[in-house]
Amino acid sequence: MDLFEYVTNVKKGKLSALDTVKAAIKKCKELNEKYNCFVTICEEEAIKQAKLADKEKKGLLCGVPITVKDAICVKDVECTAGSKILKGYIPPFDATVIEKLKAQGAVIIGKTTQDEFGFGSFSTNSAYGIPKNPYDISRTAGGSSGGCGSITQLADFPHIGIGESTGGSISAPSFFCGVYGLTPTYGLVSRYGLIDYANSLDKIGPMAKTVDEIALALNIISGNDSKDQTSLNNTKIDYSNYESIKGYTIGLPKQYFENASKEVKEKINEAINVLKKLGVKFIDVDLKLTKYHLSAYYLAAVSEASTNLSKLDGIRYGAKLEFDKDIDFNNYYSNVRSKYFGDEAKRRIMIGTFARMSGFRSQYYLKAMKARTLIINDYKKAFEKCDALLSPTMMYTAPRFDEIAKLDPLQVYQSDLLTVGPNLAGIPMINVPCGFDSNKLPIGFHVLGNHLDEIKILSIAKAYEEATKK
Amino acid sequence: MIIITAENLKDFAFEDDGDFESEELLATPEIEAEQIINYYEQKYGFKKIAG
């Protein structure tokens with residue numbers, strides 16, 4: 001059933017939120033056996049919230065089941081961010097986005113599987129099992145919000161997923177699972193209550209099956225928050241008030257098409273033709289600094305991650321070991337972190353620490369910061385000539401796990417080539433599903449907008465959705 | 001066991017075309033600086049932050 005129709009019926013008392021949530025939880029438990037979308041299904045809390053929704057009958061999401069990436073804190077529900085070091089952590093508070101969703105009657109039914117702290121492109125670095133692709137369980141659901149992408153596609157009940165992106169963690173799983181996924185402008189959605197990967201890059205955003213659901217979720221979760229000092233204080237607008245895209249100019253960055261597979265390129269070209277028929281003009285755009293994207297992103301991200309995770313030392317935060325009087329602080333700290341961090345977390349902490357060290361700092365970290373400014377300027381220049389940019393979201397469709405296992409870490413990082421640039425620049429982006437390849441795996445195109453131009457990218461997504469509706 | 005050394009940083013080396021000469025490139029992006037100033041103004045009444 002359509003989410004909006006469902007909400008109307010719950011508010012009128014024609015449908016029971018409690019019955020829907022109970023059925024959704026039963027379904028999620030069954031799906032989890034096969035797809036491993038969840039770290040936690042919070043049945044008890046969900047039932048309380050559903051009863052409240054039935055009683056109060058208010059809010060834009062009255063009785064709607066919501067799933068949340070495990071890095072986002074939900075009061076009284078275990079929050080691990082995909083890591084063993086946070087096993088058993090139960091936040092005594094809601095993240096701001098969760099507060100806002102609950103205030104609209106939403107029911108949080110579970111925490112979705114992810115790469116540890118968001119460190120990955122395929123969700124294969126999770127300490128709690130790997131989420132599977134809804135179209136083929138031998139393939140990835142994408143990362144790092146893989147569980148969120150998978151359940152968003154699989155859910156046969158009204159549902160919105162809440163993901164988080166640092167370098168492409170909403171776009172990649174949305175592409176691999178064939179759903180819409182919006183990464184907002186940095187600062188548009190509060191990060192309060194998010195377990196950080198890299199503070200200057202993290203963004204929380206919605207994943208859903210329709211553009212209207214994405215716009216609805218963004219209307220609810222966006223807005224200034226005094227608890228997050230990087231939160232923007234811009235005028236609130238209605239993201240479902242779509243513009244006509246007739247007369248829009250969309251730029252095609254040539255560098256973004258170079259490495260995409262033939263089948264992906266074909267589908268994107270078909271989508272471009274649909275948009276042309278709707279009155280959109282396309283121009284070629286040269287984003288010549290694409291060559292810096294991966295280095296700048298990975299250096300910035302791992303440098304911030306290595307400082308963020310230093311608090312997880314078994315004393316201030318995180319899992320603990322028995323104290324031994326013969327062990328000094330440094331060894332205790334090393335033992336805790338060696339035992340509880342996964343391999344990729346250790347790799348990124350070490351690389352980030354080297355990048356910030358005296359002797360390497362100017363050559364790597366500071367150069368990455370300079371490159372980041374240049375990259376932002378590169379996009380800004382492109383947006384002087386066009387309303388949005390369009391490219392493939394990922395270069396290829398969902399790879400098999402045996403193929404991923406053969407990749408070295410650097411090859412995995414390279415798979416993020418098309419998503420790290422816009423994430424570094426803090427501009428908004430949305431994955432728009434646009435067909436399937438010969439293996440029946442989803443393909444999507446990426447629409448990138450200037451800072452705070454969410455309405456434009458949503459308008460493009462909506463116009464395409466309408467034009468291709470069957 | 002993972003063995004990471006400073007050598008691994010070379011994987012992220014920039015092919016430097018002389019793009020990084022200006023120190024101004026290290027300035028905080030406008031969108032963030034503005035918000036930080038707003039935050040301090042709202043919370044503490046500062047007119048501007050040092051530097």
# chains A, B, ... in the order shown; residues from 1 in each chain; ligands from 1

$ residues_around --residues "range 12-21 of chain B" --least-positions-apart "3" --cutoff "9 Å" --atoms "only C-alpha atoms" --output "JSON, numbers by chain"
{"A": [291, 292, 294, 295, 296, 298, 299, 363, 364, 367, 368, 370, 371, 374], "B": [8, 9, 24, 25]}

$ residues_around --residues "Gly251 in chain A" --least-positions-apart "6" --cutoff "10 Å" --atoms "only C-alpha atoms" --output "list in words"
Lys281, Phe282, Ile283, Asp284, Val285, Asp286, Ala382, Phe383, Lys385, Cys386, Asp387, Ala388, Leu389, Leu390, Ser391, Val447 and Leu448 of chain A

$ residues_around --residues "range 333-350 of chain A" --least-positions-apart "6" --cutoff "9 Å" --atoms "only C-alpha atoms" --output "ChimeraX atom specification"
/A:83-86,116-117,119-120,125-127,298,301-307,309-310,312-315,318-321,409 /B:1-6

$ select_by_dssp --residues "range 334-402 of chain A" --states "strand (DSSP E or B)" --output "list in words"
Ala388, Leu389, Leu390, Ser391, Pro392 and Arg400 of chain A

$ write_last_selection --atoms "N, CA, C and O atoms" --output "tab-separated table (two decimals), in the first residue's frame"
chain	number	residue	atom	x	y	z
A	388	ALA	N	22.08	21.30	-12.66
A	388	ALA	CA	22.47	20.06	-11.97
A	388	ALA	C	23.47	19.31	-12.85
A	388	ALA	O	23.67	19.67	-14.01
A	389	LEU	N	24.09	18.32	-12.27
A	389	LEU	CA	24.98	17.43	-13.04
A	389	LEU	C	24.38	16.04	-13.02
A	389	LEU	O	23.69	15.67	-12.06
A	390	LEU	N	24.64	15.27	-14.07
A	390	LEU	CA	24.11	13.90	-14.11
A	390	LEU	C	25.23	12.94	-14.52
A	390	LEU	O	26.02	13.25	-15.43
A	391	SER	N	25.29	11.80	-13.86
A	391	SER	CA	26.32	10.81	-14.17
A	391	SER	C	25.82	9.43	-13.74
A	391	SER	O	24.78	9.35	-13.08
A	392	PRO	N	26.55	8.36	-14.07
A	392	PRO	CA	26.22	7.08	-13.43
A	392	PRO	C	26.48	7.23	-11.93
A	392	PRO	O	27.37	8.00	-11.54
A	400	ARG	N	29.68	-9.77	-7.24
A	400	ARG	CA	29.51	-10.94	-6.38
A	400	ARG	C	30.54	-10.87	-5.24
A	400	ARG	O	31.60	-10.27	-5.37

$ select_by_dssp --residues "range 210-412 of chain A" --states "alpha helix (DSSP H)" --output "PyMOL selection string"
chain A and resi 211-221+262-277+290-308+329-340+343-356+365-385+401-405+409-412

$ atom_distance --atom1 "CA of Glu164 in chain A" --atom2 "CA of Asp202 in chain A"
6.9 Å

$ residues_around --residues "Ile221 in chain A" --least-positions-apart "4" --cutoff "10 Å" --atoms "only C-alpha atoms" --output "JSON, numbers by chain"
{"A": [96, 97, 98, 99, 100, 101, 162, 188, 189, 190, 204, 205, 206, 216, 217]}

$ write_last_selection --atoms "N, CA and C atoms" --output "PDB file, in the first residue's frame"
ATOM      1  N   THR A  96      18.870  13.573  16.804  1.00  0.00           N
ATOM      2  CA  THR A  96      17.878  14.590  16.423  1.00  0.00           C
ATOM      3  C   THR A  96      16.957  14.086  15.303  1.00  0.00           C
ATOM      4  N   VAL A  97      17.516  13.394  14.317  1.00  0.00           N
ATOM      5  CA  VAL A  97      16.646  12.897  13.223  1.00  0.00           C
ATOM      6  C   VAL A  97      15.594  11.926  13.763  1.00  0.00           C
ATOM      7  N   ILE A  98      15.982  11.125  14.734  1.00  0.00           N
ATOM      8  CA  ILE A  98      15.029  10.151  15.299  1.00  0.00           C
ATOM      9  C   ILE A  98      13.941  10.882  16.085  1.00  0.00           C
ATOM     10  N   GLU A  99      14.356  11.897  16.854  1.00  0.00           N
ATOM     11  CA  GLU A  99      13.383  12.714  17.595  1.00  0.00           C
ATOM     12  C   GLU A  99      12.344  13.287  16.638  1.00  0.00           C
ATOM     13  N   LYS A 100      12.849  13.818  15.498  1.00  0.00           N
ATOM     14  CA  LYS A 100      11.946  14.453  14.525  1.00  0.00           C
ATOM     15  C   LYS A 100      11.008  13.429  13.887  1.00  0.00           C
ATOM     16  N   LEU A 101      11.535  12.251  13.586  1.00  0.00           N
ATOM     17  CA  LEU A 101      10.704  11.201  12.974  1.00  0.00           C
ATOM     18  C   LEU A 101       9.632  10.725  13.962  1.00  0.00           C
ATOM     19  N   ILE A 162      16.549   5.157   6.839  1.00  0.00           N
ATOM     20  CA  ILE A 162      17.414   6.307   7.113  1.00  0.00           C
ATOM     21  C   ILE A 162      18.861   5.815   7.068  1.00  0.00           C
ATOM     22  N   LEU A 188      22.536  20.260   6.305  1.00  0.00           N
ATOM     23  CA  LEU A 188      21.080  20.439   6.186  1.00  0.00           C
ATOM     24  C   LEU A 188      20.332  19.567   7.207  1.00  0.00           C
ATOM     25  N   VAL A 189      20.899  18.392   7.479  1.00  0.00           N
ATOM     26  CA  VAL A 189      20.287  17.467   8.449  1.00  0.00           C
ATOM     27  C   VAL A 189      21.243  17.336   9.633  1.00  0.00           C
ATOM     28  N   SER A 190      20.717  17.463  10.819  1.00  0.00           N
ATOM     29  CA  SER A 190      21.562  17.423  12.021  1.00  0.00           C
ATOM     30  C   SER A 190      22.298  16.090  12.146  1.00  0.00           C
ATOM     31  N   ILE A 204      23.314  12.564   7.042  1.00  0.00           N
ATOM     32  CA  ILE A 204      22.225  11.590   7.204  1.00  0.00           C
ATOM     33  C   ILE A 204      21.180  11.872   6.131  1.00  0.00           C
ATOM     34  N   GLY A 205      20.666  10.813   5.493  1.00  0.00           N
ATOM     35  CA  GLY A 205      19.666  11.034   4.436  1.00  0.00           C
ATOM     36  C   GLY A 205      18.735   9.845   4.274  1.00  0.00           C
ATOM     37  N   PRO A 206      17.589  10.066   3.578  1.00  0.00           N
ATOM     38  CA  PRO A 206      16.588   9.007   3.425  1.00  0.00           C
ATOM     39  C   PRO A 206      16.798   8.105   2.201  1.00  0.00           C
ATOM     40  N   LEU A 216       9.250  13.720   1.511  1.00  0.00           N
ATOM     41  CA  LEU A 216       8.560  13.765   2.807  1.00  0.00           C
ATOM     42  C   LEU A 216       9.565  13.597   3.954  1.00  0.00           C
ATOM     43  N   ALA A 217      10.425  12.599   3.825  1.00  0.00           N
ATOM     44  CA  ALA A 217      11.413  12.348   4.893  1.00  0.00           C
ATOM     45  C   ALA A 217      12.348  13.536   5.053  1.00  0.00           C
TER      46      ALA A 217
END

$ atom_distance --atom1 "CA of Cys434 in chain A" --atom2 "CA of Gly142 in chain A"
17.1 Å

$ residues_around --residues "range 260-266 of chain A" --least-positions-apart "6" --cutoff "7 Å" --atoms "only C-alpha atoms" --output "list in words"
Met395, Tyr396, Asp437 and Ile443 of chain A

$ write_last_selection --atoms "C-alpha atoms" --output "PDB file, in the first residue's frame"
ATOM      1  CA  MET A 395      30.601   2.326 -12.524  1.00  0.00           C
ATOM      2  CA  TYR A 396      29.218  -1.228 -12.504  1.00  0.00           C
ATOM      3  CA  ASP A 437      21.445  -4.915 -16.742  1.00  0.00           C
ATOM      4  CA  ILE A 443      21.211   0.529 -12.521  1.00  0.00           C
TER       5      ILE A 443
END

$ closest_residue --among "A:Lys288, A:Lys440, A:Arg372, A:Arg139" --to "Val420 in chain A" --atoms "only C-alpha atoms"
A:Arg372

$ atom_distance --atom1 "CA of Lys254 in chain A" --atom2 "CA of Ser415 in chain A"
17.3 Å

$ closest_residue --among "A:Ile47, A:Ile427, A:Ala461, A:Ala103" --to "chain B" --atoms "only C-alpha atoms"
A:Ile427

$ residues_around --residues "Asn36 in chain A" --least-positions-apart "4" --cutoff "8 Å" --atoms "only C-alpha atoms" --output "list in words"
Leu31, Asn32, Thr113, Gly129, Ile130, Pro131, Lys132 and Gly147 of chain A

$ decode --residues "range 46-82 of chain A" --atoms "N, CA, C and O atoms" --output "compact mmCIF listing (two decimals), in the first residue's frame"
# COMPACT_ATOMS: atom_id res chain seq x y z
N ALA A 46 9.17 -0.82 19.23
CA ALA A 46 8.31 -0.54 18.07
C ALA A 46 6.84 -0.69 18.44
O ALA A 46 6.00 0.13 18.02
N ILE A 47 6.54 -1.71 19.22
CA ILE A 47 5.14 -1.94 19.59
C ILE A 47 4.62 -0.79 20.46
O ILE A 47 3.50 -0.30 20.27
N LYS A 48 5.50 -0.30 21.36
CA LYS A 48 5.09 0.86 22.19
C LYS A 48 4.78 2.07 21.30
O LYS A 48 3.78 2.76 21.48
N GLN A 49 5.67 2.31 20.32
CA GLN A 49 5.48 3.47 19.44
C GLN A 49 4.24 3.30 18.55
O GLN A 49 3.52 4.26 18.28
N ALA A 50 3.99 2.06 18.11
CA ALA A 50 2.82 1.81 17.25
C ALA A 50 1.53 2.05 18.04
O ALA A 50 0.56 2.63 17.52
N LYS A 51 1.51 1.60 19.29
CA LYS A 51 0.31 1.82 20.13
C LYS A 51 0.07 3.33 20.30
O LYS A 51 -1.07 3.79 20.27
N LEU A 52 1.16 4.06 20.49
CA LEU A 52 1.07 5.51 20.64
C LEU A 52 0.51 6.15 19.36
O LEU A 52 -0.34 7.05 19.42
N ALA A 53 0.99 5.66 18.21
CA ALA A 53 0.51 6.19 16.92
C ALA A 53 -0.99 5.95 16.78
O ALA A 53 -1.74 6.84 16.35
N ASP A 54 -1.44 4.75 17.15
CA ASP A 54 -2.87 4.44 17.07
C ASP A 54 -3.68 5.32 18.01
O ASP A 54 -4.82 5.70 17.70
N LYS A 55 -3.09 5.64 19.16
CA LYS A 55 -3.80 6.45 20.16
C LYS A 55 -3.85 7.93 19.73
O LYS A 55 -4.91 8.55 19.74
N GLU A 56 -2.69 8.44 19.32
CA GLU A 56 -2.62 9.89 19.03
C GLU A 56 -3.12 10.26 17.63
O GLU A 56 -3.55 11.38 17.41
N LYS A 57 -2.96 9.33 16.69
CA LYS A 57 -3.42 9.55 15.30
C LYS A 57 -2.95 10.89 14.73
O LYS A 57 -3.74 11.68 14.21
N LYS A 58 -1.65 11.16 14.88
CA LYS A 58 -1.14 12.43 14.34
C LYS A 58 0.24 12.25 13.71
O LYS A 58 0.94 11.27 13.98
N GLY A 59 0.60 13.22 12.89
CA GLY A 59 1.93 13.22 12.29
C GLY A 59 1.95 12.76 10.85
O GLY A 59 1.09 11.99 10.40
N LEU A 60 2.95 13.24 10.13
CA LEU A 60 3.08 12.92 8.70
C LEU A 60 3.52 11.48 8.46
O LEU A 60 3.44 10.98 7.35
N LEU A 61 4.04 10.84 9.51
CA LEU A 61 4.47 9.45 9.37
C LEU A 61 3.74 8.56 10.38
O LEU A 61 4.30 7.59 10.87
N CYS A 62 2.52 8.90 10.66
CA CYS A 62 1.77 8.20 11.71
C CYS A 62 1.73 6.68 11.45
O CYS A 62 1.13 6.21 10.49
N GLY A 63 2.43 5.95 12.30
CA GLY A 63 2.43 4.48 12.22
C GLY A 63 3.33 3.90 11.15
O GLY A 63 3.28 2.69 10.89
N VAL A 64 4.18 4.71 10.50
CA VAL A 64 5.02 4.19 9.40
C VAL A 64 6.28 3.51 9.97
O VAL A 64 7.02 4.12 10.74
N PRO A 65 6.53 2.25 9.60
CA PRO A 65 7.75 1.58 10.04
C PRO A 65 9.00 2.19 9.38
O PRO A 65 9.04 2.38 8.17
N ILE A 66 9.97 2.52 10.22
CA ILE A 66 11.21 3.15 9.76
C ILE A 66 12.38 2.27 10.19
O ILE A 66 12.42 1.79 11.32
N THR A 67 13.34 2.09 9.29
CA THR A 67 14.58 1.40 9.68
C THR A 67 15.72 2.41 9.64
O THR A 67 15.72 3.32 8.82
N VAL A 68 16.70 2.21 10.51
CA VAL A 68 17.73 3.21 10.73
C VAL A 68 19.11 2.56 10.71
O VAL A 68 19.32 1.53 11.36
N LYS A 69 20.02 3.17 9.98
CA LYS A 69 21.41 2.67 9.95
C LYS A 69 21.94 2.60 11.38
O LYS A 69 21.68 3.49 12.20
N ASP A 70 22.71 1.56 11.65
CA ASP A 70 23.09 1.29 13.03
C ASP A 70 24.01 2.35 13.65
O ASP A 70 24.24 2.33 14.86
N ALA A 71 24.52 3.28 12.87
CA ALA A 71 25.39 4.33 13.43
C ALA A 71 24.60 5.48 14.04
O ALA A 71 25.18 6.40 14.61
N ILE A 72 23.26 5.43 13.90
CA ILE A 72 22.42 6.53 14.39
C ILE A 72 21.74 6.10 15.69
O ILE A 72 21.11 5.03 15.74
N CYS A 73 21.87 6.92 16.73
CA CYS A 73 21.37 6.54 18.05
C CYS A 73 19.85 6.59 18.16
O CYS A 73 19.23 7.60 17.81
N VAL A 74 19.29 5.50 18.63
CA VAL A 74 17.86 5.43 18.96
C VAL A 74 17.78 5.07 20.45
O VAL A 74 18.40 4.10 20.88
N LYS A 75 17.07 5.86 21.20
CA LYS A 75 16.99 5.68 22.65
C LYS A 75 16.59 4.24 23.02
O LYS A 75 15.63 3.69 22.45
N ASP A 76 17.34 3.67 23.93
CA ASP A 76 17.06 2.34 24.50
C ASP A 76 17.22 1.18 23.51
O ASP A 76 16.77 0.07 23.78
N VAL A 77 17.84 1.44 22.36
CA VAL A 77 18.08 0.37 21.38
C VAL A 77 19.59 0.29 21.13
O VAL A 77 20.24 1.31 20.88
N GLU A 78 20.13 -0.93 21.20
CA GLU A 78 21.58 -1.10 21.05
C GLU A 78 22.08 -0.44 19.77
O GLU A 78 21.45 -0.54 18.71
N CYS A 79 23.22 0.24 19.87
CA CYS A 79 23.78 0.98 18.74
C CYS A 79 25.26 0.61 18.62
O CYS A 79 26.07 0.95 19.49
N THR A 80 25.62 -0.11 17.55
CA THR A 80 27.00 -0.61 17.45
C THR A 80 27.80 0.05 16.32
O THR A 80 29.01 -0.12 16.26
N ALA A 81 27.15 0.74 15.41
CA ALA A 81 27.81 1.26 14.20
C ALA A 81 28.55 0.15 13.47
O ALA A 81 29.57 0.38 12.82
N GLY A 82 28.05 -1.07 13.60
CA GLY A 82 28.66 -2.21 12.89
C GLY A 82 29.95 -2.71 13.50
O GLY A 82 30.66 -3.50 12.89
